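The next block is start-v7.txt, given as compact mmCIF, C-alpha atoms (C1' of nucleotides).
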```
# COMPACT_ATOMS: atom_id res chain seq x y z
CA MET A 195 0.00 0.00 0.00
CA ASP A 196 1.08 3.55 -0.81
CA ILE A 197 2.80 5.26 2.10
CA ARG A 198 0.58 8.31 2.01
CA THR A 199 -2.57 6.20 1.95
CA ARG A 200 -1.29 4.17 4.88
CA LEU A 201 -0.59 7.37 6.80
CA ILE A 202 -4.02 8.85 6.16
CA ASP A 203 -5.84 5.61 6.97
CA THR A 204 -3.92 5.19 10.21
CA ALA A 205 -4.55 8.81 11.18
CA GLU A 206 -8.27 8.47 10.51
CA GLN A 207 -8.51 5.43 12.76
CA LEU A 208 -6.52 6.98 15.60
CA PHE A 209 -8.31 10.35 15.43
CA ASP A 210 -11.66 8.56 15.38
CA ARG A 211 -10.94 6.14 18.22
CA HIS A 212 -8.90 8.32 20.56
CA GLY A 213 -9.55 11.91 19.48
CA PHE A 214 -7.48 14.37 17.50
CA THR A 215 -5.66 16.26 20.27
CA ALA A 216 -5.12 13.12 22.34
CA THR A 217 -3.35 11.40 19.44
CA GLY A 218 0.34 12.27 19.48
CA MET A 219 2.54 12.31 16.41
CA ASP A 220 4.77 9.61 17.92
CA ARG A 221 1.88 7.19 18.20
CA LEU A 222 0.84 8.10 14.69
CA THR A 223 4.23 7.53 13.07
CA HIS A 224 4.75 4.26 14.94
CA SER A 225 1.29 2.96 14.03
CA ALA A 226 1.74 3.92 10.38
CA GLY A 227 5.29 2.56 10.36
CA ILE A 228 6.88 5.70 8.93
CA SER A 229 9.36 8.25 10.19
CA SER A 230 8.23 11.66 11.39
CA ARG A 231 10.40 13.27 8.71
CA THR A 232 8.44 11.48 5.98
CA LEU A 233 5.14 12.38 7.63
CA TYR A 234 5.96 16.09 7.58
CA LYS A 235 7.25 15.90 4.00
CA HIS A 236 3.87 14.50 3.00
CA VAL A 237 1.32 16.51 4.97
CA GLY A 238 3.14 19.48 6.47
CA SER A 239 1.41 19.69 9.84
CA LYS A 240 -0.98 17.89 12.16
CA ASN A 241 -3.83 20.27 11.30
CA ARG A 242 -3.28 19.75 7.58
CA LEU A 243 -3.25 16.00 8.17
CA LEU A 244 -6.63 16.27 9.90
CA ALA A 245 -8.08 18.26 7.00
CA ILE A 246 -6.77 15.66 4.53
CA VAL A 247 -8.20 12.84 6.64
CA LEU A 248 -11.60 14.56 6.65
CA ASP A 249 -11.60 15.13 2.89
CA GLU A 250 -10.73 11.50 2.30
CA ARG A 251 -13.42 10.34 4.72
CA ASP A 252 -15.97 12.53 2.96
CA ARG A 253 -15.08 10.92 -0.38
CA ARG A 254 -15.48 7.44 1.07
CA PHE A 255 -18.71 8.29 2.89
CA MET A 256 -20.33 9.92 -0.14
CA ARG A 257 -19.30 6.96 -2.29
CA SER A 258 -21.13 4.66 0.13
CA LEU A 259 -24.30 6.71 -0.47
CA ALA A 260 -23.76 7.12 -4.19
CA SER A 261 -26.23 4.52 -5.38
CA ALA A 262 -29.06 5.24 -2.93
CA VAL A 263 -32.30 6.43 -4.54
CA SER A 264 -34.65 5.85 -1.59
CA VAL A 265 -34.61 6.48 2.15
CA ASP A 266 -34.49 2.72 2.68
CA GLU A 267 -31.23 2.63 0.79
CA LEU A 268 -30.00 5.80 2.51
CA PHE A 269 -30.42 4.38 6.01
CA GLY A 270 -29.34 0.95 4.77
CA ALA A 271 -26.03 2.46 3.69
CA LEU A 272 -25.76 4.30 7.01
CA GLY A 273 -26.25 1.02 8.89
CA VAL A 274 -23.51 -0.63 6.85
CA TRP A 275 -21.20 2.32 7.51
CA PHE A 276 -21.69 2.04 11.27
CA ALA A 277 -21.22 -1.73 11.18
CA ASP A 278 -17.95 -1.29 9.26
CA GLN A 279 -16.50 1.81 10.84
CA GLY A 280 -18.13 1.89 14.25
CA ALA A 281 -20.35 4.65 15.58
CA ARG A 282 -18.58 7.32 17.59
CA GLY A 283 -20.44 10.39 16.34
CA CYS A 284 -19.67 12.54 13.33
CA LEU A 285 -15.89 12.87 12.95
CA PHE A 286 -16.35 16.16 11.08
CA LEU A 287 -18.27 17.81 13.91
CA ARG A 288 -15.98 16.27 16.51
CA SER A 289 -12.91 17.61 14.71
CA TRP A 290 -14.49 21.01 14.31
CA ALA A 291 -15.32 21.13 18.02
CA GLU A 292 -11.95 19.77 19.17
CA THR A 293 -10.17 22.51 17.26
CA GLY A 294 -12.56 25.14 18.63
CA GLY A 295 -13.57 26.24 15.11
CA ASP A 296 -10.15 27.89 14.94
CA VAL A 297 -8.59 25.92 12.08
CA PRO A 298 -9.89 27.20 8.72
CA GLU A 299 -8.97 24.02 6.82
CA VAL A 300 -10.98 21.93 9.27
CA VAL A 301 -13.93 24.32 9.30
CA GLU A 302 -14.04 24.22 5.50
CA ALA A 303 -13.75 20.44 5.31
CA MET A 304 -16.65 20.11 7.76
CA GLU A 305 -18.82 22.59 5.90
CA ARG A 306 -18.08 20.98 2.54
CA HIS A 307 -19.04 17.58 3.90
CA LYS A 308 -22.29 18.80 5.44
CA ALA A 309 -23.28 20.66 2.29
CA ARG A 310 -22.69 17.53 0.20
CA LEU A 311 -24.65 15.37 2.63
CA ARG A 312 -27.56 17.77 2.62
CA GLN A 313 -27.47 17.87 -1.22
CA ARG A 314 -27.39 14.07 -1.44
CA ILE A 315 -30.43 13.79 0.84
CA GLU A 316 -32.29 16.33 -1.26
CA GLU A 317 -31.64 14.16 -4.34
CA ILE A 318 -32.79 11.01 -2.58
CA VAL A 319 -35.99 12.68 -1.39
CA GLU A 320 -36.68 13.91 -4.91
CA ALA A 321 -36.01 10.45 -6.35
CA GLU A 322 -38.40 8.90 -3.84
CA THR A 323 -41.25 11.41 -3.96
CA GLY A 324 -40.89 12.74 -7.49
CA ARG A 325 -40.66 16.35 -6.35
CA ARG A 326 -38.33 18.73 -4.55
CA ASP A 327 -39.15 19.20 -0.88
CA ASP A 328 -36.72 21.26 1.18
CA GLU A 329 -38.58 20.83 4.43
CA LEU A 330 -38.69 17.05 4.05
CA ALA A 331 -34.98 16.94 3.20
CA ASP A 332 -34.23 19.08 6.26
CA SER A 333 -36.18 16.67 8.46
CA ILE A 334 -34.40 13.63 7.09
CA LEU A 335 -31.03 15.32 7.51
CA LEU A 336 -31.98 15.71 11.18
CA LEU A 337 -32.82 12.02 11.42
CA VAL A 338 -29.50 11.07 9.82
CA GLU A 339 -27.63 13.36 12.18
CA GLY A 340 -29.63 12.07 15.11
CA ALA A 341 -29.02 8.42 14.21
CA THR A 342 -25.30 9.11 13.78
CA HIS A 343 -25.01 10.41 17.31
CA ALA A 344 -27.60 8.32 19.13
CA ALA A 345 -26.01 5.17 17.67
CA THR A 346 -23.00 5.82 19.92
CA TYR A 347 -25.03 5.07 23.05
CA ARG A 348 -28.18 3.29 21.80
CA GLY A 349 -26.57 0.99 19.26
CA ARG A 350 -27.31 0.27 15.67
CA ALA A 351 -31.06 -0.31 16.16
CA THR A 352 -31.27 3.48 16.15
CA VAL A 353 -30.86 3.41 12.38
CA ASP A 354 -34.07 1.42 12.03
CA VAL A 355 -35.94 3.90 14.23
CA ALA A 356 -34.68 6.71 11.99
CA LEU A 357 -35.73 4.86 8.86
CA ARG A 358 -39.26 4.24 10.13
CA ALA A 359 -39.61 7.89 11.18
CA ALA A 360 -38.38 9.01 7.75
CA ARG A 361 -40.88 6.70 6.05
CA ARG A 362 -43.74 8.18 8.08
CA LEU A 363 -42.68 11.73 7.23
CA ILE A 364 -42.51 10.85 3.54
CA ASP A 365 -45.84 9.03 3.57
CA GLY A 366 -47.37 12.01 5.36
CA ALA A 367 -45.99 14.42 2.78
CA ARG A 368 -47.18 12.21 -0.09
CA GLY A 369 -50.75 11.62 1.16
CA MET B 235 -19.45 33.28 44.11
CA ASP B 236 -18.23 30.04 45.68
CA ILE B 237 -14.76 29.05 44.53
CA ARG B 238 -15.79 25.56 43.53
CA THR B 239 -18.75 26.85 41.52
CA ARG B 240 -16.51 29.35 39.78
CA LEU B 241 -14.06 26.59 38.92
CA ILE B 242 -16.73 24.28 37.50
CA ASP B 243 -18.43 27.05 35.51
CA THR B 244 -15.12 28.19 34.04
CA ALA B 245 -14.14 24.62 33.17
CA GLU B 246 -17.49 24.01 31.46
CA GLN B 247 -17.06 27.07 29.27
CA LEU B 248 -13.46 26.29 28.31
CA PHE B 249 -14.11 22.59 27.65
CA ASP B 250 -17.15 23.49 25.55
CA ARG B 251 -15.49 26.24 23.53
CA HIS B 252 -12.00 24.82 23.04
CA GLY B 253 -12.27 21.12 23.80
CA PHE B 254 -11.27 19.07 26.83
CA THR B 255 -7.76 17.94 25.86
CA ALA B 256 -6.89 21.26 24.26
CA THR B 257 -7.68 23.11 27.49
CA GLY B 258 -4.61 23.13 29.73
CA MET B 259 -4.73 23.37 33.50
CA ASP B 260 -2.79 26.64 33.41
CA ARG B 261 -5.42 28.30 31.28
CA LEU B 262 -8.09 26.88 33.54
CA THR B 263 -6.58 28.09 36.81
CA HIS B 264 -5.86 31.54 35.37
CA SER B 265 -9.38 31.89 33.94
CA ALA B 266 -10.97 30.76 37.19
CA GLY B 267 -8.58 32.92 39.22
CA ILE B 268 -7.47 30.14 41.55
CA SER B 269 -4.19 28.36 42.22
CA SER B 270 -3.52 24.88 40.88
CA ARG B 271 -3.08 23.61 44.43
CA THR B 272 -6.62 24.65 45.29
CA LEU B 273 -7.96 23.15 42.08
CA TYR B 274 -6.48 19.76 42.90
CA LYS B 275 -7.68 19.94 46.51
CA HIS B 276 -11.21 20.42 45.18
CA VAL B 277 -11.49 18.05 42.25
CA GLY B 278 -8.49 15.72 42.38
CA SER B 279 -7.74 15.42 38.67
CA LYS B 280 -8.62 16.79 35.25
CA ASN B 281 -10.72 13.73 34.43
CA ARG B 282 -12.67 14.05 37.67
CA LEU B 283 -13.21 17.73 36.91
CA LEU B 284 -14.70 16.81 33.55
CA ALA B 285 -17.05 14.29 35.15
CA ILE B 286 -18.15 16.91 37.70
CA VAL B 287 -18.69 19.47 34.93
CA LEU B 288 -20.85 16.99 33.03
CA ASP B 289 -22.97 16.12 36.07
CA GLU B 290 -23.51 19.80 36.77
CA ARG B 291 -24.42 20.47 33.15
CA ASP B 292 -26.89 17.59 33.20
CA ARG B 293 -28.59 19.07 36.26
CA ARG B 294 -28.88 22.45 34.58
CA PHE B 295 -30.08 21.02 31.28
CA MET B 296 -32.70 18.80 32.86
CA ARG B 297 -33.94 21.73 34.95
CA SER B 298 -34.45 23.71 31.74
CA LEU B 299 -36.72 20.90 30.47
CA ALA B 300 -38.45 20.34 33.81
CA SER B 301 -41.69 22.14 33.07
CA ALA B 302 -42.21 20.96 29.48
CA VAL B 303 -45.36 18.91 28.92
CA SER B 304 -45.53 19.13 25.11
CA VAL B 305 -43.11 18.83 22.20
CA ASP B 306 -43.62 22.55 21.55
CA GLU B 307 -42.27 23.27 25.00
CA LEU B 308 -39.54 20.65 24.62
CA PHE B 309 -38.12 22.21 21.47
CA GLY B 310 -38.85 25.67 22.81
CA ALA B 311 -36.60 24.94 25.79
CA LEU B 312 -33.98 23.50 23.44
CA GLY B 313 -34.01 26.70 21.38
CA VAL B 314 -33.55 28.79 24.51
CA TRP B 315 -30.66 26.55 25.61
CA PHE B 316 -28.87 27.02 22.29
CA ALA B 317 -29.49 30.78 22.35
CA ASP B 318 -28.03 30.98 25.87
CA GLN B 319 -25.20 28.47 25.72
CA GLY B 320 -24.40 28.29 22.04
CA ALA B 321 -24.63 25.18 19.88
CA ARG B 322 -21.43 23.20 19.55
CA GLY B 323 -22.87 19.69 19.68
CA CYS B 324 -23.54 17.54 22.73
CA LEU B 325 -20.79 18.10 25.32
CA PHE B 326 -21.45 14.66 26.81
CA LEU B 327 -20.84 12.84 23.53
CA ARG B 328 -17.91 15.09 22.69
CA SER B 329 -16.30 14.40 26.07
CA TRP B 330 -16.93 10.69 25.74
CA ALA B 331 -15.32 10.68 22.29
CA GLU B 332 -12.38 12.90 23.26
CA THR B 333 -11.49 10.54 26.08
CA GLY B 334 -11.87 7.52 23.78
CA GLY B 335 -14.46 5.93 26.06
CA ASP B 336 -11.55 5.13 28.38
CA VAL B 337 -12.54 7.18 31.44
CA PRO B 338 -15.23 5.35 33.44
CA GLU B 339 -16.44 8.50 35.24
CA VAL B 340 -17.01 10.23 31.91
CA VAL B 341 -18.68 7.20 30.33
CA GLU B 342 -21.05 6.96 33.28
CA ALA B 343 -21.87 10.68 33.29
CA MET B 344 -22.70 10.50 29.59
CA GLU B 345 -24.87 7.41 29.98
CA ARG B 346 -26.71 8.87 32.98
CA HIS B 347 -27.46 12.04 31.04
CA LYS B 348 -28.72 10.20 27.97
CA ALA B 349 -30.92 7.90 30.04
CA ARG B 350 -32.46 10.90 31.80
CA LEU B 351 -33.03 12.71 28.52
CA ARG B 352 -34.69 9.68 26.99
CA GLN B 353 -36.89 9.30 30.11
CA ARG B 354 -37.89 12.97 30.01
CA ILE B 355 -38.92 12.68 26.36
CA GLU B 356 -40.98 9.60 27.13
CA GLU B 357 -42.86 11.60 29.79
CA ILE B 358 -43.46 14.51 27.44
CA VAL B 359 -44.79 12.21 24.72
CA GLU B 360 -47.11 10.57 27.23
CA ALA B 361 -48.32 13.96 28.48
CA GLU B 362 -49.00 15.07 24.91
CA THR B 363 -50.66 11.93 23.51
CA GLY B 364 -52.16 10.47 26.65
CA ARG B 365 -50.43 7.11 26.20
CA ARG B 366 -46.98 5.54 26.36
CA ASP B 367 -45.31 5.19 22.96
CA ASP B 368 -41.70 3.96 22.95
CA GLU B 369 -41.28 4.19 19.22
CA LEU B 370 -42.52 7.77 19.13
CA ALA B 371 -40.22 8.73 22.02
CA ASP B 372 -37.29 7.09 20.21
CA SER B 373 -38.07 9.13 17.09
CA ILE B 374 -38.26 12.39 18.99
CA LEU B 375 -35.01 11.61 20.81
CA LEU B 376 -33.47 11.30 17.34
CA LEU B 377 -34.87 14.69 16.35
CA VAL B 378 -33.51 16.28 19.54
CA GLU B 379 -30.10 14.71 18.96
CA GLY B 380 -30.22 15.72 15.30
CA ALA B 381 -31.16 19.31 16.10
CA THR B 382 -28.41 19.52 18.73
CA HIS B 383 -25.76 18.62 16.18
CA ALA B 384 -27.17 20.16 13.01
CA ALA B 385 -27.58 23.47 14.86
CA THR B 386 -23.79 23.76 14.92
CA TYR B 387 -23.65 24.25 11.15
CA ARG B 388 -27.23 25.11 10.13
CA GLY B 389 -28.10 27.51 12.91
CA ARG B 390 -30.99 27.73 15.29
CA ALA B 391 -33.69 27.41 12.59
CA THR B 392 -32.92 23.70 12.80
CA VAL B 393 -34.87 23.55 16.05
CA ASP B 394 -38.03 24.67 14.23
CA VAL B 395 -37.54 22.00 11.58
CA ALA B 396 -37.24 19.42 14.34
CA LEU B 397 -40.36 20.68 16.06
CA ARG B 398 -42.45 20.53 12.86
CA ALA B 399 -41.20 17.00 12.13
CA ALA B 400 -42.03 15.94 15.69
CA ARG B 401 -45.53 17.42 15.36
CA ARG B 402 -46.12 15.46 12.16
CA LEU B 403 -44.97 12.22 13.76
CA ILE B 404 -47.25 12.81 16.73
CA ASP B 405 -50.22 13.74 14.57
CA GLY B 406 -49.60 10.64 12.47
CA ALA B 407 -49.47 8.43 15.56
CA ARG B 408 -52.67 10.03 16.93
CA GLY B 409 -54.79 9.81 13.81
C1' DC C 46 -3.52 33.86 71.21
C1' DT C 47 -3.20 30.20 68.76
C1' DC C 48 -4.44 26.29 65.93
C1' DA C 49 -6.32 24.54 61.84
C1' DA C 50 -8.36 25.30 57.59
C1' DT C 51 -8.12 27.44 53.26
C1' DG C 52 -6.19 29.96 50.23
C1' DT C 53 -2.01 32.04 47.36
C1' DA C 54 2.39 32.17 44.29
C1' DA C 55 5.85 29.85 42.11
C1' DA C 56 9.02 26.34 41.27
C1' DA C 57 9.81 21.71 40.11
C1' DC C 58 8.33 17.02 38.34
C1' DG C 59 9.21 13.86 34.41
C1' DA C 60 6.61 13.18 30.37
C1' DT C 61 5.10 14.42 26.20
C1' DC C 62 3.84 17.91 22.71
C1' DA C 63 4.42 19.26 17.47
C1' DC C 64 8.09 19.80 14.70
C1' DT C 65 13.13 20.10 12.78
C1' DT C 66 17.62 18.54 12.01
C1' DT C 67 21.52 15.57 11.26
C1' DA C 68 23.49 11.65 9.31
C1' DC C 69 22.80 7.64 6.79
C1' DT C 70 20.58 3.96 3.52
C1' DT C 71 18.19 2.76 -0.25
C1' DG C 72 16.56 2.12 -4.91
C1' DT C 73 15.81 4.20 -9.88
C1' DG C 74 16.81 6.54 -14.19
C1' DC C 75 20.09 8.24 -17.28
C1' DG D 25 28.34 4.30 -12.06
C1' DC D 26 26.59 8.24 -10.39
C1' DA D 27 23.20 11.67 -9.09
C1' DC D 28 18.90 12.20 -7.07
C1' DA D 29 14.58 11.28 -4.89
C1' DA D 30 12.62 9.10 -0.96
C1' DG D 31 12.93 6.77 2.78
C1' DT D 32 14.98 5.55 7.76
C1' DA D 33 16.57 6.25 12.79
C1' DA D 34 17.38 9.16 16.36
C1' DA D 35 18.57 13.23 18.67
C1' DG D 36 17.28 17.84 19.64
C1' DT D 37 14.05 22.09 19.55
C1' DG D 38 11.61 24.87 23.14
C1' DA D 39 7.06 24.64 24.83
C1' DT D 40 3.57 22.75 27.36
C1' DC D 41 1.35 18.79 29.59
C1' DG D 42 -1.00 17.23 34.29
C1' DT D 43 0.38 17.08 38.83
C1' DT D 44 3.02 17.79 43.22
C1' DT D 45 5.67 20.41 46.35
C1' DT D 46 7.61 24.14 49.03
C1' DA D 47 6.94 28.23 51.49
C1' DC D 48 3.94 31.68 52.99
C1' DA D 49 -0.62 34.65 53.95
C1' DT D 50 -5.20 35.07 55.65
C1' DT D 51 -9.01 34.10 58.55
C1' DG D 52 -12.47 32.23 61.88
C1' DA D 53 -13.21 29.37 66.13
C1' DG D 54 -12.11 27.93 70.64
```
Show the structure stored in the file as structure tokens.
Amino acid sequence: MDIRTRLIDTAEQLFDRHGFTATGMDRLTHSAGISSRTLYKHVGSKNRLLAIVLDERDRRFMRSLASAVSVDELFGALGVWFADQGARGCLFLRSWAETGGDVPEVVEAMERHKARLRQRIEEIVEAETGRRDDELADSILLLVEGATHAATYRGRATVDVALRAARRLIDGARG
Amino acid sequence: MDIRTRLIDTAEQLFDRHGFTATGMDRLTHSAGISSRTLYKHVGSKNRLLAIVLDERDRRFMRSLASAVSVDELFGALGVWFADQGARGCLFLRSWAETGGDVPEVVEAMERHKARLRQRIEEIVEAETGRRDDELADSILLLVEGATHAATYRGRATVDVALRAARRLIDGARG
DNA sequence: CTCAATGTAAAACGATCACTTTACTTGTGC
DNA sequence: GCACAAGTAAAGTGATCGTTTTACATTGAG
């Protein structure tokens, strides 16, 4: 595997499992099996590394939603994501909060991700109902966000609750 | 103001605004205007301080929901909370994640808070509909959790979206 | 008047922080 | 066969981490 990919993957796991600030560069370089010199040649700084990690995670997350054209598939994909990656809350919001909103690269990565997620949900709602519905998309975004965070303490069944609530909202809007 | 109260209030603000790990004890003692010796006499360690902060925040948060007997009042209180305290995501989940789930006192404070929140929502749903409805309470918990986190990047209007979605779910369950 | 409690300031603790530097080993392409 | 790019290990940068310690001031109760 490419050294840069290995670095970014390792960083994502450590940041996600132990937190950004709590993860030291020593632990990172040892886990990735590279020297600190190489790390800094590649990513420049710890903050830049975080921003890169977030961008890469966004790409992977959006790809996992790429084929969904219904809320069933949306929450299905979300359930698979949690099963694969674990559920420890949204890494974008956690990173934003851990850095106090003070790191522009991180703020922008978070905002980009949330805008894309919101856009994707809008498309799914339109595919399912046949029309644009901002309010419905907003509601389902809330359910996705809620499931993401409640799953950390209520487990994966939360995704099913979110799906059923989304279905009721859609059926209500249709009827 | 009592020295211990001042310490806990200051810690809550700093942890919330800048993150737990990123907040050093020096900054904390200077902001609270106390010596580090006194701080450690009172709370023992940084982790214990965090647990105490969370318990105190839970008390204050639950008190702000104490009089609500409808979802309108529930989300009304939530909106007031965000207006007063700002919206940077759930401090309990953020603290749990920042400490990697490795600090028992923090894990327990988070779980206590979430159990109480879920219980409070169950009561509000019962007051509003006249009957117990676990599924409906689960859905509204998701909307509360979703609003809490989406408010960080979509602003306070998110609370209104959550309220309207909750109303539709309740009306659907009633009819 | 004095003892004990409660506070302060400030230095010291070893560890660790993010990051840089020095010195050396590898291929790879021309 | 040699220069160059890309990696390593390891020491060093000064700063800061959470926590403890030393030495001293204030204050209220008996």
Report as JSON lines: every residue of chain D with an atom at most 9 Å from chain A, its closest pair of atoms, and their distance in Å to one decimal, counting all atoms listed in the file, with rows sorted by chain and ascending residue number.
```
{"residue": "D:DA30", "atom": "C1'", "partner": "A:Thr232", "partner_atom": "CA", "distance": 8.4}
{"residue": "D:DG31", "atom": "C1'", "partner": "A:Thr232", "partner_atom": "CA", "distance": 7.3}
{"residue": "D:DT32", "atom": "C1'", "partner": "A:Ser229", "partner_atom": "CA", "distance": 6.7}
{"residue": "D:DA33", "atom": "C1'", "partner": "A:Ser229", "partner_atom": "CA", "distance": 7.9}
```
For a quick check of understanding, using all atoms listed in the file, which of A:Lys240, A:Arg288, A:Arg198, A:His212 has the smallest distance to chain C?
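Once distances to chain C are computed over all atoms listed in the file, the minimum belongs to A:Lys240.
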Would you list which chain A residues are within 6 Å of chain B using only C-alpha atoms, as number ranges by chain?
A: 211-213, 292, 294, 336-337, 339-340
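The closest residue to chain C, picked from A:Phe276, A:Leu244, A:Asp203, A:Leu233 and counting only C-alpha atoms (C1' of nucleotides), is A:Leu233.
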Quote the spacing between CA of Met219 (chain A) and C1' of DA63 (chain C) in Å to one decimal place.
7.3 Å
With the cut-off set at 10 Å and counting only C-alpha atoms (C1' of nucleotides), tabulate each residue of chain C with an atom at most that distance from an atom of chain B, showing the nearest atom pair and its distance in Å to one decimal, ordered by chain and increasing number, as a tab-separated table.
```
residue	atom	partner	partner_atom	distance
C:DT51	C1'	B:Thr272	CA	8.6
C:DG52	C1'	B:Thr272	CA	7.3
C:DT53	C1'	B:Ser269	CA	6.7
C:DA54	C1'	B:Ser269	CA	7.9
```
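What separates CA of Glu317 (chain A) from CA of Ser258 (chain A) is a distance of 14.9 Å.
Separating C1' of DC28 (chain D) from C1' of DT73 (chain C) is a distance of 9.0 Å.
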Taking (2.5, 24.7, 30.2) in the coordinates of the supplied file, I want to know which residues reach to within 7 Å of it, counting all atoms listed in the file; could you give the answer as a ChimeraX atom specification?
/B:260 /D:40-41
Need the shell around Met195 (chain A): protein/DNA/RNA residues with any atom at most 12 Å away, counting all atoms listed in the file. Skip same-chain ones fewer than 6 positions apart. Format as an MDAnalysis selection string?
chainID A and resid 201:203 226:227
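Remark: for Ile315 (chain A), the closest of the candidate residues A:Ala331, A:Val297, A:Met256, A:Ala281 is A:Ala331 (distances computed over all atoms listed in the file).
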From the list A:Asp252, A:Leu259, A:Tyr234, A:Gly270, which residue is nearest Ala351 (chain A) when using all atoms listed in the file?
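Checking each of A:Asp252, A:Leu259, A:Tyr234, A:Gly270 against Ala351 (chain A), counting all atoms listed in the file, the winner is A:Gly270.
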Per-axis box centre and lengths in Å around region 222-238 of chain A, 3 Å margin per side, axis-aligned, as lines of an AutoDock Vina configuration file:
```
center_x = 5.6
center_y = 11.0
center_z = 9.0
size_x = 15.6
size_y = 22.9
size_z = 17.9
```
Just add N, CA, C and O atoms to region 217-231 of chain A and send it as a PDB file, in the frame of the given file.
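Once written, selection-v3.pdb looks like this:
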```
ATOM      1  N   THR A 217      -4.232  12.243  20.247  1.00  0.00           N
ATOM      2  CA  THR A 217      -3.350  11.400  19.440  1.00  0.00           C
ATOM      3  C   THR A 217      -2.044  12.126  19.139  1.00  0.00           C
ATOM      4  O   THR A 217      -2.031  13.114  18.415  1.00  0.00           O
ATOM      5  N   GLY A 218      -0.965  11.649  19.707  1.00  0.00           N
ATOM      6  CA  GLY A 218       0.340  12.270  19.480  1.00  0.00           C
ATOM      7  C   GLY A 218       0.977  11.814  18.183  1.00  0.00           C
ATOM      8  O   GLY A 218       0.642  10.748  17.668  1.00  0.00           O
ATOM      9  N   MET A 219       1.888  12.633  17.674  1.00  0.00           N
ATOM     10  CA  MET A 219       2.540  12.310  16.410  1.00  0.00           C
ATOM     11  C   MET A 219       3.420  11.064  16.528  1.00  0.00           C
ATOM     12  O   MET A 219       3.621  10.345  15.553  1.00  0.00           O
ATOM     13  N   ASP A 220       3.964  10.815  17.701  1.00  0.00           N
ATOM     14  CA  ASP A 220       4.770   9.610  17.920  1.00  0.00           C
ATOM     15  C   ASP A 220       3.940   8.349  17.700  1.00  0.00           C
ATOM     16  O   ASP A 220       4.335   7.449  16.961  1.00  0.00           O
ATOM     17  N   ARG A 221       2.778   8.335  18.348  1.00  0.00           N
ATOM     18  CA  ARG A 221       1.880   7.190  18.200  1.00  0.00           C
ATOM     19  C   ARG A 221       1.492   7.013  16.738  1.00  0.00           C
ATOM     20  O   ARG A 221       1.410   5.898  16.223  1.00  0.00           O
ATOM     21  N   LEU A 222       1.254   8.135  16.085  1.00  0.00           N
ATOM     22  CA  LEU A 222       0.840   8.100  14.690  1.00  0.00           C
ATOM     23  C   LEU A 222       1.924   7.507  13.781  1.00  0.00           C
ATOM     24  O   LEU A 222       1.654   6.619  12.974  1.00  0.00           O
ATOM     25  N   THR A 223       3.144   8.019  13.935  1.00  0.00           N
ATOM     26  CA  THR A 223       4.230   7.530  13.070  1.00  0.00           C
ATOM     27  C   THR A 223       4.529   6.058  13.353  1.00  0.00           C
ATOM     28  O   THR A 223       4.731   5.278  12.414  1.00  0.00           O
ATOM     29  N   HIS A 224       4.499   5.663  14.622  1.00  0.00           N
ATOM     30  CA  HIS A 224       4.750   4.260  14.940  1.00  0.00           C
ATOM     31  C   HIS A 224       3.659   3.363  14.376  1.00  0.00           C
ATOM     32  O   HIS A 224       3.953   2.316  13.795  1.00  0.00           O
ATOM     33  N   SER A 225       2.397   3.777  14.543  1.00  0.00           N
ATOM     34  CA  SER A 225       1.290   2.960  14.030  1.00  0.00           C
ATOM     35  C   SER A 225       1.332   2.851  12.512  1.00  0.00           C
ATOM     36  O   SER A 225       1.021   1.803  11.950  1.00  0.00           O
ATOM     37  N   ALA A 226       1.699   3.943  11.848  1.00  0.00           N
ATOM     38  CA  ALA A 226       1.740   3.920  10.380  1.00  0.00           C
ATOM     39  C   ALA A 226       3.037   3.294   9.873  1.00  0.00           C
ATOM     40  O   ALA A 226       3.155   2.966   8.683  1.00  0.00           O
ATOM     41  N   GLY A 227       4.016   3.143  10.763  1.00  0.00           N
ATOM     42  CA  GLY A 227       5.290   2.560  10.360  1.00  0.00           C
ATOM     43  C   GLY A 227       6.116   3.462   9.466  1.00  0.00           C
ATOM     44  O   GLY A 227       6.790   2.994   8.545  1.00  0.00           O
ATOM     45  N   ILE A 228       6.054   4.761   9.719  1.00  0.00           N
ATOM     46  CA  ILE A 228       6.880   5.700   8.930  1.00  0.00           C
ATOM     47  C   ILE A 228       7.611   6.640   9.881  1.00  0.00           C
ATOM     48  O   ILE A 228       7.260   6.742  11.052  1.00  0.00           O
ATOM     49  N   SER A 229       8.619   7.304   9.363  1.00  0.00           N
ATOM     50  CA  SER A 229       9.360   8.250  10.190  1.00  0.00           C
ATOM     51  C   SER A 229       8.643   9.598  10.206  1.00  0.00           C
ATOM     52  O   SER A 229       7.875   9.917   9.302  1.00  0.00           O
ATOM     53  N   SER A 230       8.913  10.373  11.257  1.00  0.00           N
ATOM     54  CA  SER A 230       8.230  11.660  11.390  1.00  0.00           C
ATOM     55  C   SER A 230       8.662  12.600  10.258  1.00  0.00           C
ATOM     56  O   SER A 230       7.897  13.444   9.798  1.00  0.00           O
ATOM     57  N   ARG A 231       9.909  12.448   9.815  1.00  0.00           N
ATOM     58  CA  ARG A 231      10.400  13.270   8.710  1.00  0.00           C
ATOM     59  C   ARG A 231       9.539  13.070   7.457  1.00  0.00           C
ATOM     60  O   ARG A 231       9.118  14.019   6.798  1.00  0.00           O
TER      61      ARG A 231
END
```
